[in-house]
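File shown: query-v6.cif (mmCIF, C-alpha atoms and all ligand atoms).
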```
data_upload
loop_
_atom_site.label_atom_id
_atom_site.label_comp_id
_atom_site.auth_asym_id
_atom_site.auth_seq_id
_atom_site.Cartn_x
_atom_site.Cartn_y
_atom_site.Cartn_z
CA MET A 40 -13.72 9.52 7.37
CA ASN A 41 -10.51 9.36 9.42
CA ASN A 42 -8.90 6.00 10.03
CA LEU A 43 -9.42 4.47 13.44
CA LEU A 44 -6.36 2.23 13.15
CA GLU A 45 -3.27 2.82 11.02
CA VAL A 46 -0.49 0.28 10.97
CA GLU A 47 2.54 1.43 8.98
CA ASN A 48 5.48 -0.78 8.04
CA LEU A 49 5.20 -2.88 11.17
CA GLU A 50 8.11 -5.22 11.81
CA THR A 51 7.88 -7.70 14.66
CA LEU A 52 10.74 -10.06 15.46
CA LEU A 53 10.65 -13.23 17.50
CA HIS A 54 14.01 -13.91 19.12
CA THR A 55 14.34 -17.67 18.89
CA ASP A 56 17.34 -19.77 19.99
CA SER A 57 18.73 -19.68 16.46
CA ALA A 58 18.11 -16.76 14.08
CA PRO A 59 15.49 -14.07 14.79
CA VAL A 60 12.24 -14.72 12.95
CA ARG A 61 10.49 -11.85 11.12
CA ALA A 62 6.96 -12.81 12.17
CA VAL A 63 5.54 -9.56 10.78
CA ASP A 64 7.62 -8.01 8.03
CA GLY A 65 6.70 -4.52 6.84
CA LEU A 66 2.93 -4.79 7.27
CA SER A 67 0.67 -1.80 6.65
CA LEU A 68 -3.11 -1.60 6.97
CA THR A 69 -5.86 0.85 7.91
CA ILE A 70 -9.26 0.29 9.49
CA LEU A 71 -12.16 2.74 9.45
CA PRO A 72 -14.52 3.25 12.41
CA GLY A 73 -17.31 0.67 12.34
CA GLU A 74 -15.73 -1.43 9.59
CA THR A 75 -14.99 -5.16 9.65
CA PHE A 76 -11.57 -5.88 8.19
CA ALA A 77 -10.47 -9.50 7.80
CA LEU A 78 -6.90 -10.71 7.95
CA LEU A 79 -6.89 -14.05 6.18
CA GLY A 80 -4.19 -16.71 5.85
CA GLU A 81 -2.88 -20.08 6.95
CA SER A 82 -1.58 -20.58 10.46
CA GLY A 83 2.02 -19.50 10.93
CA CYS A 84 1.82 -16.57 8.50
CA GLY A 85 1.89 -13.85 11.20
CA LYS A 86 -1.79 -13.04 11.77
CA SER A 87 -1.79 -13.54 15.54
CA MET A 88 1.57 -11.76 15.91
CA THR A 89 0.07 -8.79 14.09
CA ALA A 90 -2.84 -8.77 16.55
CA LEU A 91 -0.60 -9.13 19.60
CA SER A 92 1.64 -6.32 18.26
CA ILE A 93 -1.38 -4.00 18.01
CA MET A 94 -2.37 -4.91 21.58
CA ARG A 95 1.28 -4.62 22.68
CA LEU A 96 0.87 -8.03 24.29
CA LEU A 97 3.67 -9.91 22.51
CA PRO A 98 5.25 -12.93 24.16
CA GLN A 99 8.60 -12.39 25.98
CA VAL A 100 10.60 -13.30 22.87
CA GLY A 101 8.67 -10.84 20.69
CA GLU A 102 9.83 -7.33 19.84
CA ILE A 103 8.44 -4.60 17.60
CA VAL A 104 11.55 -3.27 15.84
CA ALA A 105 10.05 -0.82 13.34
CA GLY A 106 6.86 0.88 12.23
CA HIS A 107 3.95 2.80 13.71
CA ILE A 108 0.60 1.71 15.15
CA LYS A 109 -1.80 4.62 15.42
CA ILE A 110 -5.20 4.67 17.11
CA ASN A 111 -7.06 7.85 16.14
CA GLY A 112 -3.71 9.36 15.20
CA THR A 113 -1.87 8.51 18.46
CA ASP A 114 1.14 6.26 18.00
CA ILE A 115 0.63 3.66 20.71
CA LEU A 116 4.19 2.40 20.31
CA GLN A 117 5.31 5.67 21.94
CA LEU A 118 3.08 5.21 25.00
CA SER A 119 4.25 4.00 28.41
CA GLU A 120 2.91 0.64 29.58
CA LYS A 121 0.78 2.54 32.11
CA ASP A 122 -0.88 4.63 29.37
CA MET A 123 -1.22 1.54 27.20
CA ARG A 124 -3.24 -0.15 29.96
CA THR A 125 -5.84 2.61 29.74
CA ILE A 126 -6.16 1.96 25.99
CA ARG A 127 -6.37 -1.82 26.26
CA GLY A 128 -9.89 -2.89 27.11
CA LYS A 129 -11.28 0.61 26.56
CA ARG A 130 -10.16 1.68 23.05
CA ILE A 131 -9.01 -1.72 21.73
CA SER A 132 -9.77 -5.14 23.11
CA MET A 133 -9.15 -8.63 21.93
CA ILE A 134 -10.85 -11.99 21.82
CA PHE A 135 -8.10 -14.59 21.93
CA GLN A 136 -7.92 -17.83 20.03
CA GLU A 137 -8.01 -19.88 23.22
CA PRO A 138 -10.57 -18.67 25.82
CA MET A 139 -8.85 -20.42 28.71
CA LEU A 140 -5.73 -18.32 28.16
CA SER A 141 -7.59 -15.12 28.90
CA LEU A 142 -10.01 -16.31 31.59
CA ASN A 143 -8.61 -16.56 35.10
CA PRO A 144 -9.56 -19.98 36.56
CA VAL A 145 -9.65 -18.78 40.19
CA LEU A 146 -12.04 -15.83 39.70
CA THR A 147 -15.74 -16.03 38.93
CA ILE A 148 -16.92 -14.75 35.56
CA ALA A 149 -18.52 -11.73 37.29
CA GLU A 150 -15.29 -10.87 39.15
CA GLN A 151 -13.34 -10.90 35.89
CA ILE A 152 -15.76 -8.65 34.03
CA GLU A 153 -15.88 -6.39 37.09
CA GLU A 154 -12.12 -5.84 36.80
CA VAL A 155 -12.56 -4.51 33.26
CA LEU A 156 -15.51 -2.31 34.24
CA ASP A 157 -13.71 -0.90 37.30
CA GLN A 158 -10.71 0.01 35.18
CA HIS A 159 -12.63 1.77 32.44
CA LEU A 160 -16.12 2.86 33.41
CA HIS A 161 -16.12 3.64 37.18
CA LEU A 162 -19.73 2.65 37.86
CA SER A 163 -21.34 2.24 41.30
CA LYS A 164 -21.35 -1.24 42.86
CA ASP A 165 -24.99 -1.86 41.89
CA ALA A 166 -24.60 -0.49 38.39
CA THR A 167 -21.53 -2.71 37.92
CA GLN A 168 -23.45 -5.87 38.87
CA LYS A 169 -26.32 -4.87 36.60
CA ARG A 170 -23.96 -4.19 33.70
CA ILE A 171 -22.26 -7.60 34.13
CA GLN A 172 -25.64 -9.33 33.99
CA GLU A 173 -26.60 -7.32 30.88
CA LEU A 174 -23.34 -8.12 29.10
CA LEU A 175 -23.72 -11.84 29.76
CA GLU A 176 -27.31 -11.71 28.56
CA GLN A 177 -26.17 -9.92 25.42
CA VAL A 178 -23.73 -12.72 24.63
CA GLY A 179 -26.54 -15.23 25.14
CA ILE A 180 -25.62 -16.76 28.51
CA PRO A 181 -28.84 -18.20 29.96
CA ASP A 182 -29.68 -17.45 33.63
CA ALA A 183 -26.96 -14.80 33.63
CA LEU A 184 -27.89 -13.53 37.09
CA GLN A 185 -27.02 -16.91 38.62
CA ARG A 186 -24.33 -18.04 36.25
CA MET A 187 -22.21 -14.89 36.53
CA HIS A 188 -21.08 -16.14 39.94
CA GLU A 189 -19.73 -19.40 38.53
CA TYR A 190 -16.10 -20.17 37.69
CA PRO A 191 -14.78 -20.74 34.15
CA PHE A 192 -14.54 -24.54 34.66
CA GLN A 193 -18.32 -24.63 35.20
CA PHE A 194 -18.84 -23.21 31.69
CA SER A 195 -18.83 -25.26 28.47
CA GLY A 196 -16.40 -24.31 25.65
CA GLY A 197 -19.02 -22.21 23.87
CA MET A 198 -20.04 -20.48 27.12
CA LYS A 199 -16.41 -19.69 27.96
CA GLN A 200 -15.99 -18.15 24.52
CA ARG A 201 -19.11 -16.02 25.12
CA ALA A 202 -17.89 -14.97 28.56
CA MET A 203 -14.60 -13.89 26.99
CA ILE A 204 -16.47 -11.90 24.35
CA ALA A 205 -18.52 -10.24 27.12
CA MET A 206 -15.25 -9.35 28.84
CA ALA A 207 -13.76 -7.98 25.61
CA LEU A 208 -16.87 -5.86 25.05
CA ALA A 209 -17.20 -4.66 28.66
CA GLY A 210 -15.01 -1.60 28.09
CA GLU A 211 -17.04 -0.71 24.95
CA PRO A 212 -13.98 -0.66 22.68
CA GLU A 213 -13.73 1.25 19.42
CA LEU A 214 -11.79 -1.66 17.94
CA LEU A 215 -12.34 -5.33 18.68
CA ILE A 216 -9.60 -7.68 17.54
CA ALA A 217 -11.02 -11.17 17.17
CA ASP A 218 -8.40 -13.89 16.62
CA GLU A 219 -10.12 -17.00 15.24
CA PRO A 220 -13.09 -16.20 17.50
CA THR A 221 -15.18 -19.18 16.47
CA THR A 222 -12.66 -21.85 15.48
CA ALA A 223 -13.22 -23.92 18.62
CA LEU A 224 -17.02 -23.69 18.48
CA ASP A 225 -19.63 -25.88 16.85
CA VAL A 226 -21.47 -24.49 13.83
CA THR A 227 -24.60 -23.31 15.67
CA ILE A 228 -22.72 -21.49 18.42
CA GLN A 229 -20.32 -20.11 15.79
CA ALA A 230 -23.22 -18.48 13.93
CA GLN A 231 -24.62 -17.06 17.19
CA VAL A 232 -21.28 -15.59 18.23
CA LEU A 233 -20.74 -13.93 14.82
CA ASP A 234 -24.27 -12.60 14.92
CA LEU A 235 -23.70 -11.18 18.34
CA MET A 236 -20.47 -9.47 17.29
CA ARG A 237 -22.36 -7.87 14.40
CA GLN A 238 -25.21 -6.69 16.63
CA ILE A 239 -22.85 -5.05 19.09
CA GLN A 240 -20.88 -3.57 16.21
CA GLN A 241 -24.00 -1.95 14.79
CA ARG A 242 -25.11 -0.63 18.16
CA LYS A 243 -21.71 0.76 19.17
CA HIS A 244 -20.24 1.47 15.72
CA MET A 245 -17.30 -0.70 16.77
CA ALA A 246 -14.64 -1.70 14.22
CA ILE A 247 -13.58 -5.35 14.06
CA LEU A 248 -10.24 -6.74 12.98
CA LEU A 249 -11.20 -10.32 12.25
CA ILE A 250 -8.38 -12.83 12.06
CA THR A 251 -9.27 -16.11 10.45
CA HIS A 252 -8.37 -18.83 7.98
CA ASP A 253 -12.06 -19.45 7.25
CA LEU A 254 -13.30 -18.03 3.92
CA GLY A 255 -16.92 -18.62 4.94
CA VAL A 256 -16.56 -16.39 8.01
CA VAL A 257 -14.82 -13.74 5.88
CA ALA A 258 -17.63 -13.77 3.30
CA GLU A 259 -20.22 -13.34 6.01
CA MET A 260 -18.53 -10.65 8.08
CA ALA A 261 -15.90 -8.57 6.27
CA GLN A 262 -16.13 -5.44 4.13
CA ARG A 263 -12.44 -5.51 3.29
CA ILE A 264 -9.91 -8.30 3.25
CA ALA A 265 -6.15 -8.54 3.53
CA VAL A 266 -4.51 -11.83 2.65
CA MET A 267 -1.38 -12.47 4.65
CA TYR A 268 1.42 -14.79 3.63
CA ALA A 269 4.80 -15.34 5.29
CA GLY A 270 4.73 -12.19 7.41
CA GLU A 271 3.39 -9.75 4.82
CA ILE A 272 0.14 -8.77 3.13
CA VAL A 273 -0.02 -10.01 -0.47
CA GLU A 274 -3.53 -8.91 -1.47
CA LEU A 275 -5.85 -6.17 -0.24
CA ALA A 276 -9.40 -6.07 -1.61
CA SER A 277 -13.05 -5.24 -1.06
CA ARG A 278 -15.18 -8.30 -0.34
CA ASP A 279 -16.85 -8.17 -3.75
CA ASP A 280 -13.61 -7.97 -5.70
CA PHE A 281 -12.00 -10.64 -3.57
CA PHE A 282 -14.83 -13.17 -3.91
CA HIS A 283 -15.49 -12.47 -7.60
CA HIS A 284 -11.87 -12.47 -8.74
CA PRO A 285 -9.23 -13.25 -6.14
CA ALA A 286 -6.03 -11.86 -7.65
CA HIS A 287 -3.02 -13.37 -5.90
CA PRO A 288 -2.20 -16.97 -6.82
CA TYR A 289 -2.16 -17.75 -3.08
CA SER A 290 -5.70 -16.37 -2.72
CA GLN A 291 -6.77 -18.35 -5.78
CA GLN A 292 -5.24 -21.53 -4.34
CA LEU A 293 -7.05 -20.91 -1.03
CA PHE A 294 -10.34 -20.86 -2.93
CA ALA A 295 -9.38 -23.97 -4.89
CA SER A 296 -8.70 -25.79 -1.61
CA LEU A 297 -12.26 -25.27 -0.34
CA PRO A 298 -13.83 -28.67 0.35
CA GLY A 299 -17.11 -27.70 -1.36
CA LYS A 300 -15.35 -27.54 -4.71
CA GLN A 301 -14.33 -31.19 -4.64
CA LYS A 302 -16.35 -34.28 -5.17
CA ARG A 303 -16.82 -36.07 -1.89
CA ASP A 304 -14.51 -38.97 -2.67
CA GLN A 305 -11.65 -36.74 -3.81
CA ALA A 306 -8.87 -35.75 -1.48
CA LEU A 307 -9.00 -32.19 -0.22
CA ASN A 308 -6.98 -30.02 -2.56
CA VAL A 309 -4.70 -28.50 0.06
CA ILE A 310 -1.99 -26.13 -1.10
CA GLN A 311 1.22 -28.08 -1.59
CA GLY A 312 4.20 -27.25 0.63
CA SER A 313 4.34 -24.98 3.66
CA VAL A 314 4.99 -21.36 4.63
CA PRO A 315 8.76 -20.67 4.23
CA SER A 316 10.99 -20.01 7.23
CA LEU A 317 10.81 -16.37 8.23
CA ALA A 318 14.38 -16.46 9.56
CA GLN A 319 15.71 -16.00 6.02
CA GLN A 320 16.02 -12.90 3.85
CA PHE A 321 13.88 -13.15 0.73
CA SER A 322 15.21 -12.13 -2.66
CA GLY A 323 12.08 -12.96 -4.67
CA CYS A 324 8.41 -13.77 -4.10
CA ARG A 325 7.80 -15.59 -0.81
CA PHE A 326 5.19 -17.81 -2.43
CA VAL A 327 7.36 -18.92 -5.37
CA ASP A 328 7.92 -22.52 -4.19
CA ARG A 329 4.17 -23.14 -3.91
CA CYS A 330 2.88 -21.00 -6.76
CA ASN A 331 1.31 -22.72 -9.76
CA GLN A 332 1.87 -19.66 -11.99
CA ALA A 333 5.44 -18.66 -11.14
CA LEU A 334 7.53 -16.76 -13.68
CA ALA A 335 11.32 -16.64 -13.96
CA ILE A 336 11.34 -13.13 -12.44
CA CYS A 337 9.57 -14.42 -9.29
CA HIS A 338 12.73 -16.17 -8.08
CA ASP A 339 14.98 -13.12 -7.96
CA THR A 340 12.78 -10.01 -7.82
CA ILE A 341 10.50 -9.06 -4.91
CA PRO A 342 7.08 -8.29 -6.39
CA PRO A 343 5.83 -4.71 -5.78
CA TRP A 344 2.15 -3.76 -5.35
CA TYR A 345 0.03 -3.51 -8.49
CA PRO A 346 -3.55 -2.19 -8.70
CA VAL A 347 -6.12 -4.67 -10.08
CA THR A 348 -9.24 -2.52 -9.61
CA SER A 349 -9.81 0.68 -7.63
CA ASP A 350 -10.58 -1.55 -4.60
CA GLN A 351 -8.04 -4.31 -5.10
CA GLN A 352 -4.25 -4.41 -5.01
CA VAL A 353 -1.89 -7.33 -5.28
CA ARG A 354 1.77 -8.03 -4.72
CA CYS A 355 2.48 -10.32 -7.66
CA HIS A 356 4.53 -10.09 -10.88
CA LEU A 357 1.64 -11.47 -12.96
CA TYR A 358 0.04 -8.03 -12.78
CA GLN A 359 2.99 -6.19 -14.25
CA GLN A 360 1.34 -5.04 -17.45
CA SER A 361 4.61 -4.92 -19.37
CA ILE A 362 5.01 -8.70 -19.34
CA PRO A 363 3.34 -9.98 -22.54
CA ALA A 364 0.70 -12.66 -22.03
CA ILE A 365 2.71 -15.15 -24.09
CA THR A 366 5.66 -14.97 -21.67
CA ARG A 367 3.29 -15.65 -18.78
CA ALA A 368 1.89 -18.76 -20.41
CA GLU A 369 5.35 -20.09 -21.29
CA SER A 370 6.69 -19.50 -17.79
CA ALA A 371 3.68 -21.09 -16.20
CA ASN A 372 4.13 -24.25 -18.28
CA PRO A 373 7.89 -24.66 -18.76
FE1 LIG A 401 3.40 -16.58 -8.08
FE2 LIG A 401 5.25 -14.98 -9.07
FE3 LIG A 401 2.95 -13.95 -8.31
FE4 LIG A 401 4.70 -14.86 -6.53
S1 LIG A 401 4.96 -13.11 -7.89
S2 LIG A 401 2.54 -15.24 -6.52
S3 LIG A 401 5.55 -16.63 -7.58
S4 LIG A 401 3.28 -15.40 -9.98
MG MG A 402 -3.04 -17.68 15.03
#
```

Whole structure given in structure tokens:
Amino acid sequence: MNNLLEVENLETLLHTDSAPVRAVDGLSLTILPGETFALLGESGCGKSMTALSIMRLLPQVGEIVAGHIKINGTDILQLSEKDMRTIRGKRISMIFQEPMLSLNPVLTIAEQIEEVLDQHLHLSKDATQKRIQELLEQVGIPDALQRMHEYPFQFSGGMKQRAMIAMALAGEPELLIADEPTTALDVTIQAQVLDLMRQIQQRKHMAILLITHDLGVVAEMAQRIAVMYAGEIVELASRDDFFHHPAHPYSQQLFASLPGKQKRDQALNVIQGSVPSLAQQFSGCRFVDRCNQALAICHDTIPPWYPVTSDQQVRCHLYQQSIPAITRAESANP
């Protein structure tokens, strides 16, 4: 099967007042039609900037300086903004982290979905109204026929999120990018929204790029997983490999920090330290200051990719077969 999305060596800079920040630094990934691919990591590691780069909707200070982003083989970085507008909404669309940022407060929900439909599907007036009602029903908005004529402020948080999902799905995209789609929702609505995304995916054979820091959501939704840290991918794995034997120390520490693993009265085992500044050039592993298994080599040599299984790769010196096990143990416990 041909890839639907191919991102190759993507580099996205943010021009801040001081040094430019490499928000995405040499990232490559591929997504197949119909597949759910999760991009997992803490906030500030470049997940949202990756999504906004693919949509070509970066903030003013953002700039893609290198790489390719191909949709069905077409490099969208070469397209004019006019051509890109025909792809956005129709071929790729996005559910944003914050629904209020993508809903227009002065238009009714129906008017906003109508804009997407008019741009991409060219239906008659009646068919458009019918389609809007259907979409809102599909995302579980009760009394859709009446409620479609309400404004965003008349919708609760969960309803706004559903309306935004309806809008993202209106153009029947081949790829849906969902950036923390359920973070703001309570558990029941969260389950309904994920279920809905899966139903529409099955019906339309839509691919989903799911961006999240929630391992539970990843386990439920994704076939493949990329773990992102400090602007780059550090582990790429099938769901089974990832959940049975996470390979990168960062992935392992993410699992160890799950609240379910602790006794109730123990403090949450959060990973010590924070993501390093992406304004610097790295000469070793980006995770070295927080890694509980670091070797001497990790400080001055950038780890390359190593295969772990046929469906799992990791960017970590621990997997360099030539290092004898004894050296690993010594370095881990100096
Ligand atoms: Fe830890 Fe070294 Fe692996 Fe980086 S390369 S994750 S510092 S063991
Ligand atoms: Mg984010």

In terms of only C-alpha atoms, the residue from A:His107, A:Arg95, A:Lys169, A:Arg354 at minimal distance from Glu120 in chain A is A:Arg95

Set out as CSV a contact list for chain A and ligand MG 402 (chain A) with a cut-off of 12 Å, giving each residue of chain A that qualifies its closest atom pair and distance in Å to one decimal, counting all atoms listed in the file, ordered by chain and rising residue number.
```
residue,atom,partner,partner_atom,distance
A:Ala62,CA,A:MG402,MG,11.5
A:Leu78,CA,A:MG402,MG,10.7
A:Leu79,CA,A:MG402,MG,10.3
A:Gly80,CA,A:MG402,MG,9.3
A:Glu81,CA,A:MG402,MG,8.4
A:Ser82,CA,A:MG402,MG,5.6
A:Gly83,CA,A:MG402,MG,6.8
A:Cys84,CA,A:MG402,MG,8.2
A:Gly85,CA,A:MG402,MG,7.3
A:Lys86,CA,A:MG402,MG,5.8
A:Ser87,CA,A:MG402,MG,4.4
A:Met88,CA,A:MG402,MG,7.6
A:Thr89,CA,A:MG402,MG,9.5
A:Ala90,CA,A:MG402,MG,9.0
A:Leu91,CA,A:MG402,MG,10.0
A:Ile134,CA,A:MG402,MG,11.8
A:Phe135,CA,A:MG402,MG,9.1
A:Gln136,CA,A:MG402,MG,7.0
A:Glu137,CA,A:MG402,MG,9.8
A:Ala217,CA,A:MG402,MG,10.5
A:Asp218,CA,A:MG402,MG,6.8
A:Glu219,CA,A:MG402,MG,7.1
A:Pro220,CA,A:MG402,MG,10.5
A:Thr222,CA,A:MG402,MG,10.5
A:Leu249,CA,A:MG402,MG,11.3
A:Ile250,CA,A:MG402,MG,7.8
A:Thr251,CA,A:MG402,MG,7.9
A:His252,CA,A:MG402,MG,8.9
A:Met267,CA,A:MG402,MG,11.7
```

His159 in chain A surroundings by only C-alpha atoms, 8 Å radius, close-in-sequence under 6 positions cut, as a ChimeraX atom specification | /A:125,128-129,210

Taking (-16.0, -7.3, 27.1) in the file's own coordinates, collect the residues within 10 Å, counting only C-alpha atoms, and hand them back as a PyMOL selection string.
-> chain A and resi 128-129+132-134+151-152+155-156+171+174-175+178+201-212+215

Sphere at (-1.4, -4.5, -13.3), radius 6 Å, counting only C-alpha atoms: residues as a compact mmCIF listing (two decimals) with C-alpha atoms, in the frame of the given file:
```txt
# COMPACT_ATOMS: atom_id res chain seq x y z
CA TYR A 345 0.03 -3.51 -8.49
CA PRO A 346 -3.55 -2.19 -8.70
CA VAL A 347 -6.12 -4.67 -10.08
CA TYR A 358 0.04 -8.03 -12.78
CA GLN A 359 2.99 -6.19 -14.25
CA GLN A 360 1.34 -5.04 -17.45
```

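The neighbours of Ser277 in chain A here are the residues that come within 7 Å of it, using only C-alpha atoms and leaving out any residue fewer than 5 positions away in the same chain; they are Gln262, Arg263, Ile264, Asp350 and Gln351 of chain A.
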
Take the residues just selected and output them with C-alpha atoms as a short mmCIF file (atom, residue, chain, number, x, y, z; two decimals), keeping the file's coordinate frame.
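The resulting file, result_24.cif, is reproduced below:
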```
data_model
loop_
_atom_site.label_atom_id
_atom_site.label_comp_id
_atom_site.auth_asym_id
_atom_site.auth_seq_id
_atom_site.Cartn_x
_atom_site.Cartn_y
_atom_site.Cartn_z
CA GLN A 262 -16.13 -5.44 4.13
CA ARG A 263 -12.44 -5.51 3.29
CA ILE A 264 -9.91 -8.30 3.25
CA ASP A 350 -10.58 -1.55 -4.60
CA GLN A 351 -8.04 -4.31 -5.10
#
```

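Shortest separation to ligand LIG 401 (chain A) among A:Glu274, A:Glu213, A:Asp280, A:Asp253 occurs at residue A:Glu274, atoms counted being all atoms listed in the file.
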
Step by step, measure atom-to-atom distances between ligand LIG 401 (chain A) and each residue using all atoms listed in the file, keep those at most 9 Å, then write them as JSON, numbers by chain.
-> {"A": [273, 287, 288, 289, 323, 324, 325, 326, 327, 328, 329, 330, 331, 332, 333, 334, 335, 336, 337, 338, 340, 341, 342, 343, 353, 354, 355, 356, 357, 358, 367, 371]}

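Going from CA of Ser141 in chain A to CA of Leu317 in chain A covers 27.7 Å.
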